[in-house]
$ cat final.cif   # mmCIF, C-alpha atoms
data_model
#
loop_
_atom_site.label_atom_id
_atom_site.label_comp_id
_atom_site.auth_asym_id
_atom_site.auth_seq_id
_atom_site.Cartn_x
_atom_site.Cartn_y
_atom_site.Cartn_z
CA MET A 167 6.20 9.82 18.72
CA ARG A 168 7.34 10.08 15.08
CA THR A 169 10.97 9.62 14.04
CA ASP A 170 12.28 10.36 10.55
CA VAL A 171 14.29 7.39 9.28
CA THR A 172 16.06 6.18 6.14
CA PHE A 173 17.07 2.74 4.90
CA LEU A 174 18.38 1.16 1.70
CA SER A 175 16.43 -0.86 -0.86
CA ASN A 176 18.34 -2.15 -3.89
CA GLY A 177 20.86 0.65 -3.40
CA LEU A 178 18.22 3.38 -3.16
CA THR A 179 17.71 5.38 0.02
CA LEU A 180 14.09 5.25 1.16
CA ALA A 181 12.55 7.74 3.59
CA GLY A 182 10.17 6.70 6.32
CA HIS A 183 8.42 7.70 9.50
CA LEU A 184 8.65 5.33 12.46
CA TYR A 185 5.77 5.80 14.89
CA THR A 186 5.97 4.52 18.45
CA ALA A 187 4.13 5.20 21.68
CA ASP A 188 5.65 8.04 23.67
CA SER A 189 6.81 5.49 26.20
CA HIS A 190 7.14 1.74 25.78
CA ASN A 191 8.97 1.06 29.04
CA GLY A 192 12.11 -0.04 27.20
CA ARG A 193 10.52 -3.25 25.97
CA PRO A 194 10.83 -4.26 22.29
CA LEU A 195 7.56 -3.72 20.45
CA PRO A 196 5.77 -5.73 17.81
CA ALA A 197 6.11 -3.80 14.56
CA ILE A 198 4.01 -3.23 11.45
CA VAL A 199 5.23 -2.07 8.03
CA VAL A 200 2.61 0.14 6.34
CA LEU A 201 2.68 0.62 2.55
CA HIS A 202 0.90 3.50 0.84
CA PRO A 203 -1.41 3.40 -2.21
CA TRP A 204 -0.50 4.04 -5.84
CA GLY A 205 0.39 7.71 -6.10
CA GLY A 206 0.40 8.13 -2.33
CA VAL A 207 3.10 9.14 0.13
CA LYS A 208 3.79 8.30 3.75
CA GLU A 209 2.19 11.50 5.02
CA GLN A 210 -1.26 10.50 3.78
CA THR A 211 -3.40 7.46 4.66
CA ALA A 212 -0.39 5.19 5.34
CA GLY A 213 0.88 7.64 7.94
CA LEU A 214 -2.57 7.92 9.49
CA TYR A 215 -2.86 4.16 9.98
CA ALA A 216 0.75 3.94 11.21
CA ARG A 217 0.12 6.64 13.82
CA LEU A 218 -3.12 5.05 14.98
CA LEU A 219 -1.49 1.62 15.27
CA ALA A 220 1.34 3.15 17.30
CA GLU A 221 -1.26 4.54 19.68
CA GLN A 222 -2.39 0.94 20.21
CA GLY A 223 1.07 -0.19 21.29
CA PHE A 224 2.85 -1.12 18.06
CA ALA A 225 5.89 0.30 16.34
CA ALA A 226 4.64 1.24 12.86
CA LEU A 227 6.78 2.21 9.88
CA ALA A 228 5.22 4.16 7.01
CA PHE A 229 7.63 4.87 4.17
CA ASP A 230 7.80 6.25 0.66
CA ALA A 231 8.41 3.51 -1.89
CA ALA A 232 11.32 3.91 -4.32
CA HIS A 233 10.73 6.62 -6.95
CA GLN A 234 8.05 8.19 -4.74
CA GLY A 235 7.89 11.00 -2.19
CA GLU A 236 11.15 11.68 -0.38
CA SER A 237 12.71 8.38 -1.42
CA GLU A 238 15.35 8.04 -4.13
CA GLY A 239 14.77 6.58 -7.58
CA GLN A 240 14.83 7.85 -11.15
CA PRO A 241 12.73 8.40 -13.10
CA ARG A 242 10.37 9.87 -10.58
CA PHE A 243 6.99 8.13 -10.21
CA LEU A 244 8.07 4.84 -11.80
CA GLU A 245 5.67 2.06 -10.77
CA ASN A 246 7.68 -1.16 -10.56
CA PRO A 247 5.81 -3.75 -8.47
CA PHE A 248 8.90 -5.92 -8.11
CA GLN A 249 10.90 -3.02 -6.68
CA ARG A 250 7.94 -2.36 -4.39
CA ALA A 251 8.30 -5.90 -3.03
CA GLU A 252 11.98 -5.27 -2.38
CA ASP A 253 11.07 -2.05 -0.59
CA ILE A 254 8.79 -3.93 1.80
CA LYS A 255 11.44 -6.57 2.46
CA SER A 256 14.03 -3.84 3.05
CA ALA A 257 11.68 -2.13 5.50
CA VAL A 258 11.35 -5.41 7.39
CA SER A 259 15.14 -5.84 7.40
CA TRP A 260 15.59 -2.34 8.80
CA LEU A 261 13.07 -3.00 11.57
CA THR A 262 14.94 -6.14 12.61
CA THR A 263 17.96 -3.95 13.39
CA ARG A 264 16.09 -1.64 15.80
CA GLN A 265 17.37 -3.30 18.95
CA GLY A 266 15.46 -2.35 22.06
CA ILE A 267 12.63 -0.82 20.00
CA VAL A 268 11.36 -3.65 17.76
CA ASP A 269 10.98 -7.35 18.43
CA PRO A 270 12.31 -8.88 15.17
CA ASP A 271 10.20 -11.99 15.66
CA ARG A 272 6.93 -10.03 15.81
CA ILE A 273 6.64 -8.10 12.53
CA GLY A 274 3.47 -7.72 10.50
CA ALA A 275 2.54 -5.71 7.42
CA LEU A 276 -0.40 -3.61 6.27
CA GLY A 277 -0.98 -2.46 2.71
CA ILE A 278 -3.54 0.09 1.52
CA CYS A 279 -5.00 0.14 -2.03
CA THR A 280 -2.26 -1.15 -4.38
CA GLY A 281 -0.12 -1.48 -1.25
CA GLY A 282 -2.73 -4.07 -0.28
CA GLY A 283 -1.72 -6.03 -3.34
CA HIS A 284 2.02 -5.61 -2.85
CA VAL A 285 2.05 -6.65 0.83
CA PRO A 286 0.54 -10.16 0.40
CA TYR A 287 2.63 -10.72 -2.73
CA THR A 288 5.81 -9.84 -0.84
CA ALA A 289 4.93 -11.78 2.30
CA GLU A 290 4.62 -14.99 0.29
CA THR A 291 8.41 -15.10 0.08
CA ASP A 292 9.28 -13.23 3.28
CA HIS A 293 8.30 -15.35 6.24
CA ARG A 294 9.62 -12.74 8.64
CA ILE A 295 6.22 -11.10 8.09
CA LYS A 296 4.09 -13.00 10.59
CA ALA A 297 0.68 -11.42 9.92
CA ILE A 298 -0.65 -9.77 6.75
CA ALA A 299 -3.45 -7.21 6.52
CA THR A 300 -4.90 -5.01 3.78
CA VAL A 301 -7.33 -2.11 3.50
CA SER A 302 -9.15 -1.46 0.20
CA ALA A 303 -6.75 -3.82 -1.58
CA VAL A 304 -6.13 -3.49 -5.33
CA ASP A 305 -4.03 -5.57 -7.72
CA ILE A 306 -2.37 -2.94 -9.92
CA GLY A 307 -1.65 -5.59 -12.56
CA SER A 308 -5.29 -6.50 -12.99
CA LEU A 309 -6.37 -2.87 -12.70
CA LEU A 310 -4.27 -1.86 -15.69
CA ARG A 311 -4.75 -5.05 -17.71
CA ASP A 312 -8.48 -5.42 -17.18
CA GLY A 313 -9.72 -2.03 -16.00
CA LEU A 314 -11.77 -1.35 -12.89
CA GLY A 315 -14.41 -4.05 -12.65
CA ARG A 316 -12.64 -6.02 -15.40
CA THR A 317 -14.53 -4.14 -18.11
CA GLN A 318 -11.62 -2.90 -20.24
CA ASP A 319 -11.04 -3.86 -23.88
CA PRO A 320 -7.88 -6.08 -23.83
CA ALA A 321 -6.61 -4.25 -26.93
CA LEU A 322 -6.16 -1.09 -24.87
CA PHE A 323 -3.64 -2.72 -22.57
CA ARG A 324 -1.80 -4.39 -25.47
CA ASN A 325 -1.40 -0.96 -27.02
CA MET A 326 -0.06 0.42 -23.73
CA VAL A 327 2.53 -2.37 -23.54
CA ALA A 328 3.65 -1.63 -27.10
CA GLN A 329 3.84 2.06 -26.28
CA SER A 330 5.99 1.39 -23.21
CA GLY A 331 8.70 -0.06 -25.45
CA ARG A 332 8.70 3.07 -27.58
CA LEU A 333 8.91 5.20 -24.44
CA ARG A 334 11.95 3.22 -23.24
CA THR A 335 13.61 4.08 -26.54
CA GLU A 336 12.80 7.75 -26.07
CA GLU A 337 14.32 7.71 -22.57
CA ALA A 338 17.44 6.03 -23.95
CA GLN A 339 17.68 8.86 -26.46
CA GLY A 340 17.67 11.40 -23.65
CA LYS A 341 14.02 12.39 -23.50
CA PRO A 342 12.34 12.69 -20.08
CA ALA A 343 10.10 9.91 -18.81
CA HIS A 344 6.55 10.26 -20.08
CA LEU A 345 4.20 11.02 -17.18
CA VAL A 346 0.43 10.60 -17.12
CA HIS A 347 -2.18 11.37 -14.46
CA ILE A 348 -3.50 8.65 -12.15
CA LEU A 349 -6.70 10.56 -11.44
CA PRO A 350 -8.38 13.38 -13.36
CA GLU A 351 -7.14 16.81 -12.36
CA GLU A 352 -10.65 18.17 -12.84
CA VAL A 353 -13.96 16.37 -12.41
CA GLU A 354 -17.18 16.74 -14.34
CA ASP A 355 -20.66 15.28 -14.11
CA THR A 356 -19.53 12.49 -16.44
CA THR A 357 -16.49 11.57 -14.35
CA PRO A 358 -16.92 8.02 -12.94
CA VAL A 359 -17.79 7.96 -9.25
CA HIS A 360 -14.61 6.11 -8.19
CA ALA A 361 -12.39 8.61 -10.02
CA ARG A 362 -14.38 11.50 -8.53
CA GLU A 363 -13.86 10.09 -5.02
CA GLY A 364 -10.15 9.65 -5.67
CA HIS A 365 -9.87 13.23 -6.86
CA GLU A 366 -11.69 14.42 -3.75
CA TYR A 367 -9.07 12.73 -1.53
CA TYR A 368 -5.86 13.33 -3.48
CA ARG A 369 -6.49 16.65 -5.22
CA THR A 370 -8.25 18.66 -2.52
CA PRO A 371 -7.16 19.81 0.94
CA ARG A 372 -8.74 16.69 2.41
CA GLY A 373 -5.75 14.50 1.58
CA ALA A 374 -3.50 16.38 -0.86
CA HIS A 375 0.24 16.48 -0.24
CA PRO A 376 2.80 18.35 -2.38
CA ARG A 377 4.85 15.18 -2.96
CA SER A 378 1.81 13.21 -4.08
CA GLU A 379 1.73 14.63 -7.60
CA ASN A 380 -0.92 12.45 -9.29
CA ALA A 381 1.59 11.13 -11.80
CA TRP A 382 3.13 7.87 -12.94
CA VAL A 383 5.60 6.85 -15.64
CA LEU A 384 3.62 5.27 -18.47
CA ARG A 385 6.36 2.86 -19.50
CA SER A 386 5.89 1.20 -16.08
CA VAL A 387 3.22 -0.80 -17.94
CA ASP A 388 5.71 -3.33 -19.28
CA GLN A 389 6.73 -4.22 -15.71
CA ILE A 390 3.21 -4.17 -14.32
CA ALA A 391 2.09 -6.44 -17.19
CA GLN A 392 4.02 -9.36 -15.67
CA TYR A 393 2.68 -8.86 -12.17
CA ASP A 394 -0.25 -10.48 -10.34
CA SER A 395 -0.72 -9.61 -6.66
CA PHE A 396 -2.83 -12.60 -5.69
CA ALA A 397 -1.99 -15.41 -8.15
CA THR A 398 -0.29 -17.51 -5.46
CA ILE A 399 -1.78 -15.95 -2.33
CA GLN A 400 -2.42 -19.42 -0.89
CA ASN A 401 1.32 -19.51 -0.12
CA LEU A 402 0.79 -17.11 2.79
CA ALA A 403 -0.62 -19.92 4.91
CA PRO A 404 -0.29 -20.83 7.70
CA ARG A 405 0.38 -17.15 8.44
CA PRO A 406 -2.90 -15.25 8.88
CA LEU A 407 -4.45 -12.90 6.32
CA LEU A 408 -6.97 -10.13 7.09
CA MET A 409 -8.48 -8.11 4.25
CA ILE A 410 -10.70 -5.12 5.03
CA ALA A 411 -13.00 -3.61 2.41
CA GLY A 412 -15.97 -1.29 2.23
CA THR A 413 -19.30 -2.73 1.17
CA GLU A 414 -19.71 0.15 -1.30
CA ALA A 415 -16.15 0.05 -2.68
CA ALA A 416 -15.78 -0.31 -6.44
CA THR A 417 -12.62 -2.30 -5.70
CA ALA A 418 -14.16 -4.73 -3.20
CA TYR A 419 -14.05 -7.58 -5.72
CA PHE A 420 -10.26 -7.69 -5.40
CA SER A 421 -10.46 -8.52 -1.70
CA ARG A 422 -13.34 -10.93 -2.16
CA ALA A 423 -11.53 -12.93 -4.85
CA ALA A 424 -8.20 -12.90 -3.00
CA VAL A 425 -9.73 -14.22 0.22
CA GLU A 426 -11.58 -16.91 -1.70
CA GLN A 427 -8.28 -18.07 -3.19
CA ALA A 428 -6.22 -17.79 0.02
CA ALA A 429 -5.79 -20.67 2.44
CA GLU A 430 -6.75 -20.58 6.09
CA PRO A 431 -6.40 -18.68 8.35
CA LYS A 432 -8.06 -15.85 6.46
CA GLU A 433 -10.78 -13.26 6.94
CA LEU A 434 -12.61 -10.70 4.84
CA PHE A 435 -13.86 -7.96 7.17
CA TRP A 436 -16.51 -5.64 5.76
CA ILE A 437 -16.96 -2.00 6.73
CA ASP A 438 -20.63 -1.29 6.13
CA GLY A 439 -21.37 1.66 3.86
CA ALA A 440 -17.72 2.51 3.12
CA THR A 441 -16.33 3.18 -0.33
CA HIS A 442 -12.69 2.57 -1.32
CA PHE A 443 -11.52 6.06 -0.38
CA ASP A 444 -13.72 6.36 2.73
CA LEU A 445 -11.32 3.93 4.40
CA TYR A 446 -8.38 6.27 3.78
CA ASP A 447 -9.27 8.82 6.42
CA LYS A 448 -12.94 9.15 7.40
CA PRO A 449 -13.21 8.48 11.15
CA GLU A 450 -16.55 6.69 10.98
CA TYR A 451 -14.95 4.04 8.73
CA VAL A 452 -11.33 4.11 9.87
CA THR A 453 -12.36 3.54 13.50
CA PRO A 454 -13.91 0.07 12.97
CA ALA A 455 -11.11 -0.83 10.55
CA LEU A 456 -8.51 0.12 13.16
CA ALA A 457 -10.31 -1.87 15.84
CA ARG A 458 -10.21 -5.00 13.71
CA LEU A 459 -6.59 -4.41 12.67
CA THR A 460 -5.61 -3.95 16.30
CA SER A 461 -7.26 -7.15 17.49
CA PHE A 462 -5.81 -9.04 14.51
CA PHE A 463 -2.24 -7.92 15.13
CA VAL A 464 -2.60 -8.35 18.90
CA GLU A 465 -3.69 -11.94 18.38
CA HIS A 466 -1.16 -12.93 15.76
CA LEU A 467 1.86 -10.92 16.88
CA ASN A 468 1.12 -11.68 20.54
CA ALA A 469 1.20 -7.93 21.06
CA PRO A 470 0.19 -6.07 24.20
CA LEU A 471 -2.31 -3.28 23.83
CA ASN A 472 -1.11 0.18 24.78
CA ALA A 473 -3.18 -0.03 27.95
CA ARG A 474 -1.30 -3.16 28.96
CA LEU A 475 2.03 -1.55 28.15
CA ALA A 476 1.23 1.26 30.52
CA ALA A 477 0.28 -1.13 33.32
#
$ encode --input "final.cif" --output "structure tokens"
Amino acid sequence: MRTDVTFLSNGLTLAGHLYTADSHNGRPLPAIVVLHPWGGVKEQTAGLYARLLAEQGFAALAFDAAHQGESEGQPRFLENPFQRAEDIKSAVSWLTTRQGIVDPDRIGALGICTGGGHVPYTAETDHRIKAIATVSAVDIGSLLRDGLGRTQDPALFRNMVAQSGRLRTEEAQGKPAHLVHILPEEVEDTTPVHAREGHEYYRTPRGAHPRSENAWVLRSVDQIAQYDSFATIQNLAPRPLLMIAGTEAATAYFSRAAVEQAAEPKELFWIDGATHFDLYDKPEYVTPALARLTSFFVEHLNAPLNARLAA
């Protein structure tokens, strides 16, 4: 069952979908907050994982972050990682008020792609989140500073930071926010494989959604520049961390490095043969990821499986 919901985050109204089993016998459920990727909306991979987790006996909340999708926030498509952390905390706060539906002492969080960077970062200072999981995690700070695979000329990012200041001035003078594409709108033989795979998910009927517009505000760079998803990830302990990545993912190094730096209990779970975007929706890769997520949240949120709920 999917219910449309709204809640406040720093004065902005955020839109979400709360997924629950059709019947949970009136007992409060363990709950999981699910955060979407950069450029994504709740109707895409975040909603898929939320629905699948609900089928396993959890309440799962997928929502549009501020400035994205159906949520409020101007300019549209601003990428502020610190607001994103507030959005996650606000989602947790809202769940704690769902009396009779959610057990406020059994809340976990799952982040996908850059959401997989924001969720651990947020959970470091929100101990209401009892278990932390990621799928195809990415640190948006490192991605923009260093480039994919840390191969970018540092001068490029310095120039982007300088440009963001000029763009703030333009906005103050009444000009619209300057938008740029996240992924190429068209692909060619020379398009890098990772970008081609992203285009195939976001810009084709496979995963496209009208509110996922492949855009971000370029002056977001000066906020992203100060952000590091995993710099103090060891502070999650003793709460458990599960990071899931594909063996063929161009972004797998983010999960590998984060787990190496994290304190126990921690786990890096590999999905053999999967790329970054395979884990968004392809059943042959989502199925083993879901199985591990389910067992992880069952163990650490002391959650009954759907089969037990029905007993």
$ atom_distance --input "final.cif" --atom1 "atom CA of A:Val464" --atom2 "atom CA of A:Thr263"
21.7 Å
$ atom_distance --input "final.cif" --atom1 "atom CA of A:Leu322" --atom2 "atom CA of A:Leu310"
9.4 Å
$ resolve_selection --input "final.cif" --expression "the PyMOL selection byres ((chain A and resi 405) around 12)" --output "number ranges by chain"
A: 273-275, 286, 289-299, 399-404, 406-408, 428-433, 462-463, 465-467
$ atom_distance --input "final.cif" --atom1 "atom CA of A:Phe435" --atom2 "atom CA of A:Asp230"
26.7 Å
$ residues_near_point --input "final.cif" --point "(6.2, -6.6, 16.6)" --cutoff "7 Å" --atoms "all atoms listed in the file" --output "JSON, numbers by chain"
{"A": [195, 196, 197, 198, 224, 225, 268, 269, 270, 271, 272, 273, 274, 467, 469]}
$ resolve_selection --input "final.cif" --expression "the PyMOL selection byres ((chain A and resi 216) around 7)" --output "list in words"
Tyr185, Val200, Ala212, Gly213, Leu214, Tyr215, Arg217, Leu218, Leu219, Ala220, Ala226, Leu227 and Ala228 of chain A
$ resolve_selection --input "final.cif" --expression "the PyMOL selection byres ((chain A and resi 171) around 6)" --output "JSON, numbers by chain"
{"A": [170, 172, 181, 182, 183]}
$ closest_residue --input "final.cif" --among "A:Ala374, A:Gly283, A:Met326, A:Ser256" --to "A:Lys208" --atoms "all atoms listed in the file"
A:Ala374
$ closest_residue --input "final.cif" --among "A:Gly206, A:Ala418, A:Thr398, A:Arg385" --to "A:Leu333" --atoms "only C-alpha atoms"
A:Arg385
$ residues_around --input "final.cif" --residues "A:Asp438" --least-positions-apart "2" --cutoff "7 Å" --atoms "all atoms listed in the file" --output "ChimeraX atom specification"
/A:412-413,436,440
$ closest_atom_pairs --input "final.cif" --of "stretch 281-307 of chain A" --to "stretch 242-252 of chain A" --cutoff "8 Å" --atoms "only C-alpha atoms" --output "Markdown table"
| residue | atom | partner | partner_atom | distance |
| --- | --- | --- | --- | --- |
| A:His284 | CA | A:Ala251 | CA | 6.3 |
| A:Val285 | CA | A:Ala251 | CA | 7.4 |
| A:Tyr287 | CA | A:Ala251 | CA | 7.4 |
| A:Thr288 | CA | A:Ala251 | CA | 5.1 |
$ residues_near_point --input "final.cif" --point "(13.6, -2.4, 5.6)" --cutoff "10 Å" --atoms "all atoms listed in the file" --output "list in words"
Thr172, Phe173, Leu174, Ser175, Leu180, Gly182, Val199, Leu227, Phe229, Glu252, Asp253, Ile254, Lys255, Ser256, Ala257, Val258, Ser259, Trp260, Leu261, Thr262 and Thr263 of chain A
